[in-house]
Amino acid sequence: MPRVRLSSIFTNPTSSTEPSPRAPLAALAAATERVRAGTLSREDAHHLFDELLRQAAPVPERAMNGFLAALARAPPSSACRCGPALAVALFRRMSRGAGRRVAPPTLHTYGILMDCCRRVGRLDLALAFFSRLLRTGMCVNVFAFSSLLRGLCDAKRTEEAMDVLLHRMPKLGCLPDVVSYSILLKSFCDDRKSQRALELLRMMAKEGGSCSPNVVAYNTVIDGFFKEGEVAKACDLFHVMMQEGIPPNVVTYSSIIDALCKARAMAKAEVILRQMVDKGVPPNTATYTCLIHGYSTLGQWRDAVRVFKEMTNRGVLPNAATWNTLMDSLCKHGRSKVARDIFDSMAMKGQKPDIVSYSIMLHGYAAEGCFADMTDLFNSMVRDGILPNHHVFNILINAYANRGLMDEAILMFEEMRQQGVNPNVVNYVTVMDALCKMGRLDDAMDKFNQMVDKGLSPNRAVYQCLVLGFCSHGDFVKAKELISEVINKALCPNNDFFYSVINNLCKEGRVTEAQDMFDFIVCIGQRPDVIMYSSLMDGYCLVGKMEEALRVLDAIVSAGLEPDVVSYCILVNGYCKIGRIDDGLSLFRAMSLKGVKPTTIMYNIILDGLFQAGRTVAANDKFHEMIESGIPLDIGTYNTLLSGFCKNNCSDEAIMLFNKLRAMNVKINIITLNIMISAMFKARRIEEAKDLFATISANGLVPSVETYHQMMTNLINEGLLEEADNIFSSMENAGCDPNSQLLNHVVRVLLDNGEIVRAGTYLSKIDEKNLSLEASTTSLLISLFSRKGTCQKHINFLPAKYQFLAVAGCS
């Protein structure tokens with residue numbers, strides 16, 4: 001597309017335009033309504049203009065402009081794909097040879113036409129119309145310039161737009177207003193140049209008058225800074241805005257709340273919410289949706305529900321995004337029943353569930369194994385006239401396949417075609433991957449051939465699942481054949497494909513097969529990179545074959561490659577895991593001599609290895625060496641030190657370091673607090689452990705399952721049974737699901753402490769959550785009731801499901 005120079009437009013205009021006739025008002029009014037309804041086709045529009053140009057009645061100027069403006073804003077429809085392009089085409093017809101029957105275009109007409117050109121990405125045509133406008137001799141107004149400025153900004157020619165704003169507009173007697181400036185403000189912010197926008201905003205304030213920045217201008221720049229992560233600058237501008245006497249509106253507050261939610265500062269976001277309410281600015285749907293999304297992202301679904309209820313109680317109507325965000329959070333935390341209540345209430349509140357809503361609920365049911373509910377919802381979706389798409393079917397197929405219900409998965413796969421949805425590559429990959437994992441390789445290849453027959457081209461994901469399937473089940477001949485096919489089809493331009501194969505085999509502990517595949521890849525002319533070598537090395541380390549891992553390190557050098565710090569980290573970590581810390585230290589020194597600079601992760605591995613070996617003094621020395629070398633310390637480093645001190649009965653050192661971290665305002669995480677809660681209990685500082693637990697939310701953190709685990713088991717051992725029960729209740733209220741490990745451990749601790757009745761309560765929790773009784777818990781139950789003196793009446797306090805274990809112990 002030719003680039004039009006602005007200098008050719010801004011020349012001295014001449015005035016000569018011929019009068020033109022007008023078209024009947026009724027015909028244009030009817031056509032305008034059809035445009036808005038999306039029923040006016042291109043052919044109908046041209047036929048209308050044929051009729052208008054044949055009639056003697058004049059064309060009303062406002063009616064014509066209204067019709068063209070409607071076309072400019074019309075969204076694509078089945079009747080007309082592009083209204084703006086049609087508007088330009090009709091104007092050209094109207095201006096060709098219509099004589100006195102067509103009225104001359106007005107300034108407003110040119111503004112509409114330029115806007116049409118901008119909307120279809122034809123800046124060259126917009127500039128041509130602007131040039132034509134200047135030649136008419138009409139006095140150009142801000143509206144026409146605004147269309148030009150928007151066109152330049154859309155084409156990423158913001159600096160040229162700036163020149164038009166500051167120099168060309170005043171030269172033509174048109175003073176910019178706040179709207180003109182705001183167009184450039186938005187463009188700068190969209191281009192992540194918020195600092196330039198701020199400079200322009202200051203220029204507006206200096207100009208004053210009609211250029212004085214309004215709340216919209218400030219909102220634009222504040223939001224731009226937030227999107228660039230410049231929170232301090234955004235907040236500073238917010239305060240400047242207040243000082244200038246411009247009251248923030250709901251958009252301003254919502255922008256701040258959204259930024260705080262994305263920064264996970266939910267407490268601060270709630271404070272801003274209260275402030276805006278106190279200032280008389282009512283929150284809207286966008287405001288509440290930001291908060292709901294923020295809490296959902298953090299996994300705090302109960303807070304998300306609380307905000308949702310506050311929203312509806314205030315009479316603010318949720319939109320589809322609000323409903324879907326809340327349901328998604330509930331489903332991800334195993335609360336599909338609560339999510340279903342929300343789903344069912346959508347229609348009652350006037351919001352019809354869309355396909356995204358159904359997808360969220362289906363995925364939630366699938367994750368929880370609620371197949372009956374999943375099937376019922378799918379059937380109701382079809383009955384409600386919402387056609388399932390590929391994603392919906394993939395959820396269902398994947399759900400059945402993950403549970404090993406391949407017959408049902410295949411039936412759902414076939415159901416797609418009956419619903420008029422042809423399976424795509426993703427659907428085929430889902431089925432083939434499941435078949436491969438089950439060892440049904442022939443069936444997987446049948447699906448592969450079927451996919452090819454249907455005209456779908458296999459991608460890397462298809463070959464990857466097949467190769468891994470054949471490798472995992474020992475058919476390396478077929479796996480190698482498929483790899484050769486991948487190479488011939490040029491589907492592996494880099495080593496990512498081969499890395500995934502090697503890495504998966506190594507993670508499964510099948511390092512011999514990984515080595516065989518690695519050798520084959522080299523044999524066919526592929527050149528492995530350091531990442532692939534390192535993956536193989538990691539496989540040997542995982543199975544404890546350190547000599548083989550060292551051989552791979554030598555192979556890296558022989559291949560003309562340089563081992564990186566990741567390669568050395570893998571080896572050092574391998575030595576530390578099997579207790580050969582001295583070998584790890586030797587390799588660490590050799591790495592440094594070769595010019596490979598240690599990283600924070602490397603030092604963390606060494607520190608952990610020294611603590612595991614009980615060498616706390618050496619670990620402390622290595623920590624100081626790390627500081628002196630200028631290696632950055634992260635929270636992982638401090639957690640390694642705290643955990644290491646605690647494991648080596650140096651609780652006082654751990655507590656001293658922790659207090660130092662708090663004095664330094666180091667940002668701790670929940671792992672840090674878990675370690676210190678355990679340390680406080682171990683040091684018999686029970687109240688301090690409780691205080692730490694109570695400060696978790698004040699630190700902007702959320703307790704994990706491990707946090708509750710530490711608190712409950714230690715409180716039980718201290719005889720504080722009611723407090724332990726209260727901790728469990730707070731866990732459930734916070735939406736944190738207890739796992740099998742926690743519940744089984746709590747049961748065993750209670751049984752060890754003779755609290756059989758309470759143990760029965762937690763055994764019931766194991767049943768409610770469909771979790772399994774661990775072997776050690778089963779053994780303890782049998783052993784407990786086999787002891788002489790154990791009160792047999794306690795058997796009745798156990799859930800009926802487990803009473804037979806106690807009876808077995810008594811027999």
# chains A, B, ... in the order shown; residues from 1 in each chain; ligands from 1

$ residues_around --residues "stretch 628-641 of chain A" --least-positions-apart "6" --cutoff "12 Å" --atoms "only C-alpha atoms" --output "JSON, numbers by chain"
{"A": [592, 597, 598, 599, 600, 601, 602, 603, 604, 605, 606, 607, 608, 609, 610, 611, 612, 615, 616, 617, 618, 619, 620, 621, 622, 647, 648, 650, 651, 653, 654, 655, 656, 657, 658, 659, 660, 661, 662, 665, 666, 667, 668, 669, 670, 671, 672, 673, 674, 675, 676]}

$ residues_around --residues "A:Glu207" --least-positions-apart "5" --cutoff "12 Å" --atoms "only C-alpha atoms" --output "list in words"
Leu166, Leu175, Pro176, Asp177, Val178, Tyr181, Leu200, Leu201, Arg202, Ser212 and Pro213 of chain A

$ write_last_selection --atoms "N, CA and C atoms" --output "PDB file, in the first residue's frame"
ATOM      1  N   LEU A 166      -0.112  19.541  17.086  1.00  0.00           N
ATOM      2  CA  LEU A 166       0.568  20.721  17.635  1.00  0.00           C
ATOM      3  C   LEU A 166       0.833  21.820  16.606  1.00  0.00           C
ATOM      4  N   LEU A 175      -8.176  24.924  16.631  1.00  0.00           N
ATOM      5  CA  LEU A 175      -7.466  24.694  17.892  1.00  0.00           C
ATOM      6  C   LEU A 175      -7.832  23.319  18.459  1.00  0.00           C
ATOM      7  N   PRO A 176      -6.833  22.531  18.823  1.00  0.00           N
ATOM      8  CA  PRO A 176      -7.118  21.202  19.398  1.00  0.00           C
ATOM      9  C   PRO A 176      -7.902  21.329  20.702  1.00  0.00           C
ATOM     10  N   ASP A 177      -8.749  20.356  20.969  1.00  0.00           N
ATOM     11  CA  ASP A 177      -9.454  20.313  22.244  1.00  0.00           C
ATOM     12  C   ASP A 177      -9.045  19.065  23.009  1.00  0.00           C
ATOM     13  N   VAL A 178      -9.675  18.838  24.145  1.00  0.00           N
ATOM     14  CA  VAL A 178      -9.297  17.708  24.997  1.00  0.00           C
ATOM     15  C   VAL A 178      -9.513  16.364  24.291  1.00  0.00           C
ATOM     16  N   TYR A 181      -6.460  15.713  21.979  1.00  0.00           N
ATOM     17  CA  TYR A 181      -5.319  15.291  22.788  1.00  0.00           C
ATOM     18  C   TYR A 181      -5.514  13.859  23.298  1.00  0.00           C
ATOM     19  N   LEU A 200       2.514  14.751  27.364  1.00  0.00           N
ATOM     20  CA  LEU A 200       1.429  15.393  26.621  1.00  0.00           C
ATOM     21  C   LEU A 200       0.336  15.876  27.578  1.00  0.00           C
ATOM     22  N   LEU A 201       0.075  15.077  28.614  1.00  0.00           N
ATOM     23  CA  LEU A 201      -0.931  15.451  29.599  1.00  0.00           C
ATOM     24  C   LEU A 201      -0.531  16.752  30.313  1.00  0.00           C
ATOM     25  N   ARG A 202       0.768  16.881  30.636  1.00  0.00           N
ATOM     26  CA  ARG A 202       1.259  18.108  31.272  1.00  0.00           C
ATOM     27  C   ARG A 202       1.141  19.304  30.328  1.00  0.00           C
ATOM     28  N   SER A 212      -7.726  21.576  28.728  1.00  0.00           N
ATOM     29  CA  SER A 212      -7.497  21.108  30.092  1.00  0.00           C
ATOM     30  C   SER A 212      -7.871  19.641  30.216  1.00  0.00           C
ATOM     31  N   PRO A 213      -6.966  18.824  30.752  1.00  0.00           N
ATOM     32  CA  PRO A 213      -7.259  17.386  30.850  1.00  0.00           C
ATOM     33  C   PRO A 213      -8.459  17.116  31.746  1.00  0.00           C
TER      34      PRO A 213
END

$ atom_distance --atom1 "atom CA of A:Arg589" --atom2 "atom CA of A:Val511"
27.7 Å

$ residues_around --residues "A:Lys352" --least-positions-apart "3" --cutoff "12 Å" --atoms "only C-alpha atoms" --output "ChimeraX atom specification"
/A:318-321,323-324,342-349,355-358,381,384-386

$ write_last_selection --atoms "N, CA and C atoms" --output "JSON list (two decimals), in the first residue's frame"
[["chain", "number", "residue", "atom", "x", "y", "z"],
["A", 318, "PRO", "N", -24.29, -8.75, 37.42],
["A", 318, "PRO", "CA", -23.09, -9.39, 36.88],
["A", 318, "PRO", "C", -23.24, -9.60, 35.37],
["A", 319, "ASN", "N", -22.12, -9.57, 34.66],
["A", 319, "ASN", "CA", -22.16, -9.94, 33.24],
["A", 319, "ASN", "C", -21.62, -11.36, 33.08],
["A", 320, "ALA", "N", -21.54, -11.82, 31.85],
["A", 320, "ALA", "CA", -21.10, -13.21, 31.60],
["A", 320, "ALA", "C", -19.71, -13.46, 32.17],
["A", 321, "ALA", "N", -18.81, -12.46, 32.04],
["A", 321, "ALA", "CA", -17.45, -12.63, 32.55],
["A", 321, "ALA", "C", -17.44, -12.81, 34.06],
["A", 323, "TRP", "N", -19.96, -14.03, 36.05],
["A", 323, "TRP", "CA", -20.49, -15.37, 36.36],
["A", 323, "TRP", "C", -19.44, -16.45, 36.07],
["A", 324, "ASN", "N", -18.84, -16.37, 34.89],
["A", 324, "ASN", "CA", -17.91, -17.41, 34.47],
["A", 324, "ASN", "C", -16.65, -17.44, 35.34],
["A", 342, "ILE", "N", -24.71, -21.45, 41.24],
["A", 342, "ILE", "CA", -24.47, -20.16, 40.57],
["A", 342, "ILE", "C", -24.94, -20.23, 39.12],
["A", 343, "PHE", "N", -24.58, -21.33, 38.45],
["A", 343, "PHE", "CA", -24.95, -21.55, 37.05],
["A", 343, "PHE", "C", -26.47, -21.49, 36.88],
["A", 344, "ASP", "N", -27.20, -22.18, 37.76],
["A", 344, "ASP", "CA", -28.66, -22.24, 37.65],
["A", 344, "ASP", "C", -29.30, -20.87, 37.93],
["A", 345, "SER", "N", -28.61, -20.05, 38.74],
["A", 345, "SER", "CA", -29.19, -18.74, 39.08],
["A", 345, "SER", "C", -28.96, -17.70, 37.98],
["A", 346, "MET", "N", -28.09, -18.03, 37.01],
["A", 346, "MET", "CA", -27.80, -17.07, 35.93],
["A", 346, "MET", "C", -29.06, -16.67, 35.19],
["A", 347, "ALA", "N", -29.82, -17.70, 34.77],
["A", 347, "ALA", "CA", -31.03, -17.43, 33.98],
["A", 347, "ALA", "C", -32.05, -16.63, 34.80],
["A", 348, "MET", "N", -32.13, -16.93, 36.12],
["A", 348, "MET", "CA", -33.07, -16.22, 37.00],
["A", 348, "MET", "C", -32.71, -14.74, 37.11],
["A", 349, "LYS", "N", -31.39, -14.45, 36.94],
["A", 349, "LYS", "CA", -30.92, -13.06, 37.03],
["A", 349, "LYS", "C", -30.89, -12.40, 35.65],
["A", 355, "ILE", "N", -21.63, -20.70, 25.96],
["A", 355, "ILE", "CA", -20.86, -21.93, 25.79],
["A", 355, "ILE", "C", -19.66, -21.98, 26.73],
["A", 356, "VAL", "N", -19.13, -20.79, 27.10],
["A", 356, "VAL", "CA", -18.03, -20.75, 28.07],
["A", 356, "VAL", "C", -18.53, -21.22, 29.43],
["A", 357, "SER", "N", -19.73, -20.79, 29.82],
["A", 357, "SER", "CA", -20.31, -21.21, 31.10],
["A", 357, "SER", "C", -20.45, -22.73, 31.14],
["A", 358, "TYR", "N", -20.99, -23.29, 30.07],
["A", 358, "TYR", "CA", -21.16, -24.74, 30.02],
["A", 358, "TYR", "C", -19.80, -25.45, 30.05],
["A", 381, "MET", "N", -27.52, -28.77, 27.65],
["A", 381, "MET", "CA", -26.89, -27.77, 26.79],
["A", 381, "MET", "C", -27.41, -27.92, 25.36],
["A", 384, "ASP", "N", -30.98, -26.83, 25.08],
["A", 384, "ASP", "CA", -31.14, -25.37, 25.12],
["A", 384, "ASP", "C", -30.69, -24.69, 23.83],
["A", 385, "GLY", "N", -30.27, -25.49, 22.85],
["A", 385, "GLY", "CA", -29.92, -24.93, 21.56],
["A", 385, "GLY", "C", -28.51, -24.38, 21.46],
["A", 386, "ILE", "N", -27.66, -24.70, 22.45],
["A", 386, "ILE", "CA", -26.26, -24.27, 22.39],
["A", 386, "ILE", "C", -25.44, -25.41, 21.83]]

$ residues_around --residues "stretch 73-87 of chain A" --least-positions-apart "5" --cutoff "12 Å" --atoms "only C-alpha atoms" --output "ChimeraX atom specification"
/A:32-46,49,64-68,92-94,109-110,112-122,125-126

$ write_last_selection --atoms "C-alpha atoms" --output "CSV table (one decimal), in the first residue's frame"
chain,number,residue,atom,x,y,z
A,32,THR,CA,-30.6,3.2,7.8
A,33,GLU,CA,-32.7,1.0,10.0
A,34,ARG,CA,-31.9,-2.1,7.9
A,35,VAL,CA,-28.2,-1.3,8.3
A,36,ARG,CA,-28.6,-1.2,12.1
A,37,ALA,CA,-30.5,-4.5,12.0
A,38,GLY,CA,-27.8,-6.1,9.9
A,39,THR,CA,-30.2,-6.9,7.0
A,40,LEU,CA,-29.1,-4.5,4.3
A,41,SER,CA,-26.9,-6.2,1.7
A,42,ARG,CA,-24.4,-4.6,-0.6
A,43,GLU,CA,-26.7,-5.3,-3.5
A,44,ASP,CA,-29.7,-3.7,-1.8
A,45,ALA,CA,-27.6,-0.6,-1.0
A,46,HIS,CA,-26.5,-0.2,-4.6
A,49,PHE,CA,-28.7,4.4,-4.8
A,64,MET,CA,-27.5,10.9,3.8
A,65,ASN,CA,-24.9,11.5,6.5
A,66,GLY,CA,-27.0,9.4,9.0
A,67,PHE,CA,-27.1,6.5,6.5
A,68,LEU,CA,-23.3,6.7,5.9
A,92,ARG,CA,-18.0,7.5,-4.9
A,93,ARG,CA,-21.1,6.5,-7.0
A,94,MET,CA,-23.0,9.4,-5.6
A,109,THR,CA,-19.7,13.8,5.4
A,110,TYR,CA,-15.9,14.0,5.0
A,112,ILE,CA,-17.6,10.1,8.3
A,113,LEU,CA,-15.8,8.9,5.2
A,114,MET,CA,-12.4,9.4,6.8
A,115,ASP,CA,-13.6,7.4,9.7
A,116,CYS,CA,-14.7,4.6,7.3
A,117,CYS,CA,-11.3,4.5,5.8
A,118,ARG,CA,-9.7,4.3,9.2
A,119,ARG,CA,-11.9,1.4,10.3
A,120,VAL,CA,-10.9,-0.7,7.2
A,121,GLY,CA,-7.2,0.2,7.7
A,122,ARG,CA,-6.9,2.4,4.6
A,125,LEU,CA,-7.7,6.8,1.4
A,126,ALA,CA,-8.4,8.8,4.6

$ select_by_dssp --residues "stretch 313-422 of chain A" --states "alpha helix (DSSP H)" --output "JSON, numbers by chain"
{"A": [313, 320, 321, 322, 323, 324, 325, 326, 327, 328, 329, 330, 331, 332, 336, 337, 338, 339, 340, 341, 342, 343, 344, 345, 346, 347, 348, 355, 356, 357, 358, 359, 360, 361, 362, 363, 364, 365, 366, 367, 368, 371, 372, 373, 374, 375, 376, 377, 378, 379, 380, 381, 382, 383, 390, 391, 392, 393, 394, 395, 396, 397, 398, 399, 400, 401, 402, 406, 407, 408, 409, 410, 411, 412, 413, 414, 415, 416, 417, 418]}

$ residues_around --residues "stretch 700-717 of chain A" --least-positions-apart "2" --cutoff "8 Å" --atoms "only C-alpha atoms" --output "ChimeraX atom specification"
/A:264-265,267,669-670,673-674,677-678,681,696-698,719-721,723-725,727-728,731,736-739,742,745-746,749-750,753

$ write_last_selection --atoms "C-alpha atoms" --output "PDB file, in the first residue's frame"
ATOM      1  CA  ARG A 264      -2.307  -9.881  44.489  1.00  0.00           C
ATOM      2  CA  ALA A 265      -2.766  -7.004  46.929  1.00  0.00           C
ATOM      3  CA  ALA A 267      -6.544  -6.143  51.041  1.00  0.00           C
ATOM      4  CA  ASN A 669       6.378 -16.874  51.434  1.00  0.00           C
ATOM      5  CA  ILE A 670       4.122 -19.497  52.994  1.00  0.00           C
ATOM      6  CA  LEU A 673       6.149 -19.575  57.713  1.00  0.00           C
ATOM      7  CA  ASN A 674       5.542 -23.341  57.560  1.00  0.00           C
ATOM      8  CA  ILE A 677       5.805 -22.709  62.746  1.00  0.00           C
ATOM      9  CA  SER A 678       7.365 -26.181  62.911  1.00  0.00           C
ATOM     10  CA  PHE A 681       6.662 -25.988  68.146  1.00  0.00           C
ATOM     11  CA  ILE A 696      -0.291 -15.235  57.647  1.00  0.00           C
ATOM     12  CA  SER A 697      -3.059 -13.124  56.113  1.00  0.00           C
ATOM     13  CA  ALA A 698      -1.394  -9.899  57.341  1.00  0.00           C
ATOM     14  CA  GLY A 719      -3.031 -31.874  73.962  1.00  0.00           C
ATOM     15  CA  LEU A 720      -4.774 -28.811  72.491  1.00  0.00           C
ATOM     16  CA  LEU A 721      -7.481 -30.838  70.796  1.00  0.00           C
ATOM     17  CA  GLU A 723      -7.735 -25.754  68.984  1.00  0.00           C
ATOM     18  CA  ALA A 724      -6.748 -28.424  66.453  1.00  0.00           C
ATOM     19  CA  ASP A 725     -10.427 -28.925  65.576  1.00  0.00           C
ATOM     20  CA  ILE A 727      -7.841 -25.067  62.804  1.00  0.00           C
ATOM     21  CA  PHE A 728      -9.479 -27.778  60.699  1.00  0.00           C
ATOM     22  CA  MET A 731      -9.225 -24.728  56.782  1.00  0.00           C
ATOM     23  CA  CYS A 736      -8.512 -25.284  51.354  1.00  0.00           C
ATOM     24  CA  ASP A 737      -9.191 -28.985  50.742  1.00  0.00           C
ATOM     25  CA  PRO A 738      -7.464 -31.367  53.175  1.00  0.00           C
ATOM     26  CA  ASN A 739      -5.605 -34.082  51.287  1.00  0.00           C
ATOM     27  CA  LEU A 742      -3.097 -34.686  56.181  1.00  0.00           C
ATOM     28  CA  HIS A 745      -1.638 -38.340  59.623  1.00  0.00           C
ATOM     29  CA  VAL A 746      -4.171 -36.586  61.901  1.00  0.00           C
ATOM     30  CA  VAL A 749      -1.656 -38.881  65.764  1.00  0.00           C
ATOM     31  CA  LEU A 750      -5.062 -38.985  67.463  1.00  0.00           C
ATOM     32  CA  ASN A 753      -2.727 -40.141  71.764  1.00  0.00           C
TER      33      ASN A 753
END

$ residues_around --residues "A:Asn449" --least-positions-apart "5" --cutoff "12 Å" --atoms "only C-alpha atoms" --output "list in words"
Tyr428, Met432, Asp442, Asp443, Ala444, Lys454, Gly455, Leu456, Ser457, Pro458 and Val462 of chain A

$ atom_distance --atom1 "atom CA of A:Ala401" --atom2 "atom CA of A:Asp354"
25.6 Å

$ atom_distance --atom1 "atom CA of A:Glu508" --atom2 "atom CA of A:Ser472"
8.8 Å
